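Working notes for the structure below.
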Amino acid sequence: MGKNTRLAETFSLPPLNPPITNMTGKYPDIDRIYREMPLAAIPWNNEVPPDALVNLVEDGTIWPCKAIDLGCGAGNYAIWLAEQGFDVTGIDGSPTAIGIAQNHAKERGVRCRFIVADLLGDMPGVEGPFGFAFDWELLHHIFPEDRETYIRNVHRLTAPGALYFSACFSEEDPQFGGTGKYRATRIGTTLYFSSESEIRDLVSPCFTIRTLETVDISGKFGPHRAIMLLAERT
């Protein structure tokens, strides 16, 4: 039995009761997840940055600049980038997550700005332009009808020539039943699984795509098939 399997069994929690929907009923109440679940049980909370992000820094594709982590959660990746010399702002809709991120940055002795903001809204207080923007395992939490609003926000916040890096679950991913575009998770959220053509059509009006591919990535409770994007702001 592997480490990920043991961890999944340790934190095999039933969906929160009552269901974790927000006031609109469309998206889950992510803040409640951060309030009521231990960080170790939250599937997307990983302390170690993904290899793909590390590689972009180590191979010089991105250099220290003003960067924004969209959907930063507990701030792990934003803090890591700050340690590499980036001037980082982390954005999340969960006040609890942002509080955790601020505490983590203080503990690590790094300077980051963490702001509570709706990624589909105007994001007041978020001051661009940024030279690098990224979201990791965020887009599958945003349903297709709202994705154009999100991408236009990314475009608005970035400078011409800025790089945008993103990874979201592919429709080829075997997790959560392995079929269907919408799939329910073990913690009561619903995710949307994308195709490469959907991501291309979404991003192309605002960004020039450098790479777009379906790859295997590591997850807390098992591997995933994901669509990975690197694009340049036009």
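Every chain in the structure tokens takes a letter, A first, then B, and so on in the order presented; its residues are numbered from 1, and the ligands are numbered from 1 following the presented order.
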* To do: Just the residues within 8 Å of A:Tyr77, please, counting only C-alpha atoms, with nothing from its chain fewer than 4 positions along; format it as a list of chain:residue names.
  => A:Glu47, A:Val48, A:Pro49, A:Asp69, A:Cys72, A:Leu81
Create the file for the chosen residues now, containing C-alpha atoms and written as a PDB file, in the first residue's frame.
```pdb
ATOM      1  CA  GLU A  47       3.273  22.275   0.864  1.00  0.00           C
ATOM      2  CA  VAL A  48       5.754  21.466  -1.911  1.00  0.00           C
ATOM      3  CA  PRO A  49       5.426  23.436  -5.177  1.00  0.00           C
ATOM      4  CA  ASP A  69      -0.836  33.447  -7.536  1.00  0.00           C
ATOM      5  CA  CYS A  72      -3.396  30.800  -3.661  1.00  0.00           C
ATOM      6  CA  LEU A  81       8.196  32.027  -5.253  1.00  0.00           C
TER       7      LEU A  81
END
```
* To do: Would you mind listing what lies within 12 Å of A:Asp122 as a PyMOL selection string, with only C-alpha atoms counted and same-chain residues fewer than 4 positions away left out?
  => chain A and resi 116-118+126-127+149-150+152-154+156-157
* Structure fact -> Residue with the minimum atom-to-atom distance to A:Gly121, picked from A:Ile91, A:Ala105, A:Ile62, A:Leu139 with only C-alpha atoms counted, is A:Ile91
* Identify, on the basis of only C-alpha atoms, every residue whose closest approach to A:Tyr192 does not exceed 12 Å; exclude the query and any residue fewer than 6 positions from it along the same chain; express the result as a list of chain:residue names. => A:Tyr27, A:Glu137, A:Leu138, A:Leu139, A:His140, A:His141, A:Ile142, A:Phe143, A:Pro144, A:Glu145, A:Asp146, A:Arg147, A:Cys168, A:Phe169, A:Ser170, A:Glu171, A:Glu172, A:Asp173, A:Phe176, A:Gly178, A:Thr179, A:Gly180, A:Lys181, A:Tyr182, A:Arg183, A:Ala184, A:Thr185, A:Glu198, A:Ala226
* Report as an NGL selection string: the residues of stretch 121-162 of chain A with a DSSP assignment of alpha helix (DSSP H), based on the backbone of this structure. => :A and (144-157)
Selection file, N, CA and C atoms, as a PDB file, in the first residue's frame:
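Written file, again21.pdb:
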```pdb
ATOM      1  N   PRO A 144     -17.598  26.377 -17.109  1.00  0.00           N
ATOM      2  CA  PRO A 144     -17.331  26.984 -18.412  1.00  0.00           C
ATOM      3  C   PRO A 144     -17.946  28.361 -18.623  1.00  0.00           C
ATOM      4  N   GLU A 145     -19.163  28.569 -18.133  1.00  0.00           N
ATOM      5  CA  GLU A 145     -19.835  29.849 -18.379  1.00  0.00           C
ATOM      6  C   GLU A 145     -19.167  31.023 -17.669  1.00  0.00           C
ATOM      7  N   ASP A 146     -18.285  30.753 -16.707  1.00  0.00           N
ATOM      8  CA  ASP A 146     -17.609  31.821 -15.972  1.00  0.00           C
ATOM      9  C   ASP A 146     -16.129  31.958 -16.328  1.00  0.00           C
ATOM     10  N   ARG A 147     -15.636  31.076 -17.183  1.00  0.00           N
ATOM     11  CA  ARG A 147     -14.204  31.073 -17.440  1.00  0.00           C
ATOM     12  C   ARG A 147     -13.734  32.285 -18.255  1.00  0.00           C
ATOM     13  N   GLU A 148     -14.555  32.762 -19.174  1.00  0.00           N
ATOM     14  CA  GLU A 148     -14.152  33.940 -19.956  1.00  0.00           C
ATOM     15  C   GLU A 148     -13.951  35.140 -19.041  1.00  0.00           C
ATOM     16  N   THR A 149     -14.840  35.305 -18.055  1.00  0.00           N
ATOM     17  CA  THR A 149     -14.678  36.393 -17.084  1.00  0.00           C
ATOM     18  C   THR A 149     -13.355  36.256 -16.354  1.00  0.00           C
ATOM     19  N   TYR A 150     -13.020  35.042 -15.959  1.00  0.00           N
ATOM     20  CA  TYR A 150     -11.772  34.813 -15.244  1.00  0.00           C
ATOM     21  C   TYR A 150     -10.553  35.137 -16.116  1.00  0.00           C
ATOM     22  N   ILE A 151     -10.540  34.641 -17.352  1.00  0.00           N
ATOM     23  CA  ILE A 151      -9.390  34.861 -18.221  1.00  0.00           C
ATOM     24  C   ILE A 151      -9.235  36.351 -18.540  1.00  0.00           C
ATOM     25  N   ARG A 152     -10.322  37.060 -18.690  1.00  0.00           N
ATOM     26  CA  ARG A 152     -10.224  38.501 -18.935  1.00  0.00           C
ATOM     27  C   ARG A 152      -9.635  39.210 -17.713  1.00  0.00           C
ATOM     28  N   ASN A 153      -9.930  38.719 -16.528  1.00  0.00           N
ATOM     29  CA  ASN A 153      -9.302  39.277 -15.324  1.00  0.00           C
ATOM     30  C   ASN A 153      -7.800  39.017 -15.329  1.00  0.00           C
ATOM     31  N   VAL A 154      -7.385  37.808 -15.716  1.00  0.00           N
ATOM     32  CA  VAL A 154      -5.952  37.514 -15.793  1.00  0.00           C
ATOM     33  C   VAL A 154      -5.285  38.449 -16.797  1.00  0.00           C
ATOM     34  N   HIS A 155      -5.924  38.628 -17.955  1.00  0.00           N
ATOM     35  CA  HIS A 155      -5.387  39.515 -18.981  1.00  0.00           C
ATOM     36  C   HIS A 155      -5.272  40.945 -18.456  1.00  0.00           C
ATOM     37  N   ARG A 156      -6.305  41.400 -17.772  1.00  0.00           N
ATOM     38  CA  ARG A 156      -6.321  42.773 -17.254  1.00  0.00           C
ATOM     39  C   ARG A 156      -5.210  43.014 -16.237  1.00  0.00           C
ATOM     40  N   LEU A 157      -4.879  42.003 -15.462  1.00  0.00           N
ATOM     41  CA  LEU A 157      -3.904  42.163 -14.383  1.00  0.00           C
ATOM     42  C   LEU A 157      -2.453  41.982 -14.832  1.00  0.00           C
TER      43      LEU A 157
END
```
* Asked: Using only C-alpha atoms, which of A:Gly73, A:Gly131, A:Gly188, A:Gly161 sits nearest A:Cys206?
  ->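 For A:Cys206, the nearest of the given residues is A:Gly161.
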* Exercise: stretch 32-39 of chain A partners within 7 Å, only C-alpha atoms, chain neighbours under 3 positions left out, as a count of residues only -> 5
* To do: Work out how far atom CA of A:Gly93 is from atom CA of A:Asn46, in Å to one decimal.
  =>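 For atom CA of A:Asn46 relative to atom CA of A:Gly93, the distance reads 18.0 Å.
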* Between atom CA of A:Glu107 and atom CA of A:Tyr164, distance in Å (one decimal) ->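 Computing the Euclidean distance for atom CA of A:Glu107 and atom CA of A:Tyr164 yields 28.4 Å.
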* strand (DSSP E or B) call set, DSSP backbone run, stretch 9-205 of chain A, as a PyMOL selection string -> chain A and resi 21+28+66-70+87-92+113-116+130-136+158-170+182-184+190-192+194
* **Surrounding residues of A:Val215 excluding itself and chain neighbours under 3 positions, 8 Å, only C-alpha atoms, as a ChimeraX atom specification** => /A:225-228
* To do: Between atom CA of A:Arg210 and atom CA of A:Gly71, measure the distance and give it in Å to one decimal.
  => 22.5 Å
* Show which residues sit within 9 Å of A:Phe132, as a list in words. Count only C-alpha atoms, and ignore same-chain residues fewer than 6 positions away. => Ile62, Trp63, Pro64, Cys65, Lys66, Ala67, Ile68, Asp69, Thr158, Ala159, Ala162, Leu163, Tyr164 and Phe165 of chain A
Keeping N, CA and C atoms, export the residues of the selection given above as a PDB file, in the first residue's frame.
```pdb
ATOM      1  N   ILE A  62      10.991  31.769 -16.444  1.00  0.00           N
ATOM      2  CA  ILE A  62      10.526  32.970 -15.733  1.00  0.00           C
ATOM      3  C   ILE A  62      11.621  33.419 -14.771  1.00  0.00           C
ATOM      4  N   TRP A  63      11.782  34.729 -14.691  1.00  0.00           N
ATOM      5  CA  TRP A  63      12.762  35.336 -13.793  1.00  0.00           C
ATOM      6  C   TRP A  63      12.022  36.075 -12.697  1.00  0.00           C
ATOM      7  N   PRO A  64      12.675  36.324 -11.557  1.00  0.00           N
ATOM      8  CA  PRO A  64      12.015  37.087 -10.494  1.00  0.00           C
ATOM      9  C   PRO A  64      11.405  38.380 -11.017  1.00  0.00           C
ATOM     10  N   CYS A  65      10.129  38.545 -10.722  1.00  0.00           N
ATOM     11  CA  CYS A  65       9.369  39.695 -11.210  1.00  0.00           C
ATOM     12  C   CYS A  65       8.160  39.862 -10.294  1.00  0.00           C
ATOM     13  N   LYS A  66       7.296  40.763 -10.652  1.00  0.00           N
ATOM     14  CA  LYS A  66       6.044  40.935  -9.924  1.00  0.00           C
ATOM     15  C   LYS A  66       5.086  39.836 -10.377  1.00  0.00           C
ATOM     16  N   ALA A  67       4.684  38.962  -9.446  1.00  0.00           N
ATOM     17  CA  ALA A  67       3.921  37.765  -9.800  1.00  0.00           C
ATOM     18  C   ALA A  67       2.636  37.686  -8.990  1.00  0.00           C
ATOM     19  N   ILE A  68       1.650  36.996  -9.555  1.00  0.00           N
ATOM     20  CA  ILE A  68       0.377  36.809  -8.863  1.00  0.00           C
ATOM     21  C   ILE A  68      -0.008  35.332  -8.894  1.00  0.00           C
ATOM     22  N   ASP A  69      -0.368  34.824  -7.715  1.00  0.00           N
ATOM     23  CA  ASP A  69      -0.836  33.447  -7.536  1.00  0.00           C
ATOM     24  C   ASP A  69      -2.351  33.515  -7.375  1.00  0.00           C
ATOM     25  N   THR A 158      -2.236  41.517 -16.056  1.00  0.00           N
ATOM     26  CA  THR A 158      -0.883  41.224 -16.509  1.00  0.00           C
ATOM     27  C   THR A 158      -0.407  42.255 -17.524  1.00  0.00           C
ATOM     28  N   ALA A 159       0.917  42.392 -17.600  1.00  0.00           N
ATOM     29  CA  ALA A 159       1.545  43.326 -18.531  1.00  0.00           C
ATOM     30  C   ALA A 159       1.720  42.667 -19.896  1.00  0.00           C
ATOM     31  N   ALA A 162       3.757  39.347 -20.467  1.00  0.00           N
ATOM     32  CA  ALA A 162       3.767  38.538 -19.248  1.00  0.00           C
ATOM     33  C   ALA A 162       3.430  37.089 -19.575  1.00  0.00           C
ATOM     34  N   LEU A 163       3.934  36.180 -18.751  1.00  0.00           N
ATOM     35  CA  LEU A 163       3.633  34.762 -18.922  1.00  0.00           C
ATOM     36  C   LEU A 163       2.507  34.341 -17.985  1.00  0.00           C
ATOM     37  N   TYR A 164       1.646  33.494 -18.505  1.00  0.00           N
ATOM     38  CA  TYR A 164       0.541  32.911 -17.733  1.00  0.00           C
ATOM     39  C   TYR A 164       0.700  31.403 -17.760  1.00  0.00           C
ATOM     40  N   PHE A 165       0.724  30.798 -16.569  1.00  0.00           N
ATOM     41  CA  PHE A 165       0.933  29.354 -16.419  1.00  0.00           C
ATOM     42  C   PHE A 165      -0.258  28.770 -15.686  1.00  0.00           C
TER      43      PHE A 165
END
```
* Asked: Hey, what's within 10 Å of A:Arg200 if we count only C-alpha atoms and toss same-chain stuff fewer than 4 positions away? As number ranges by chain, please?
  -> A: 195-196, 204-205, 207-209, 212, 229
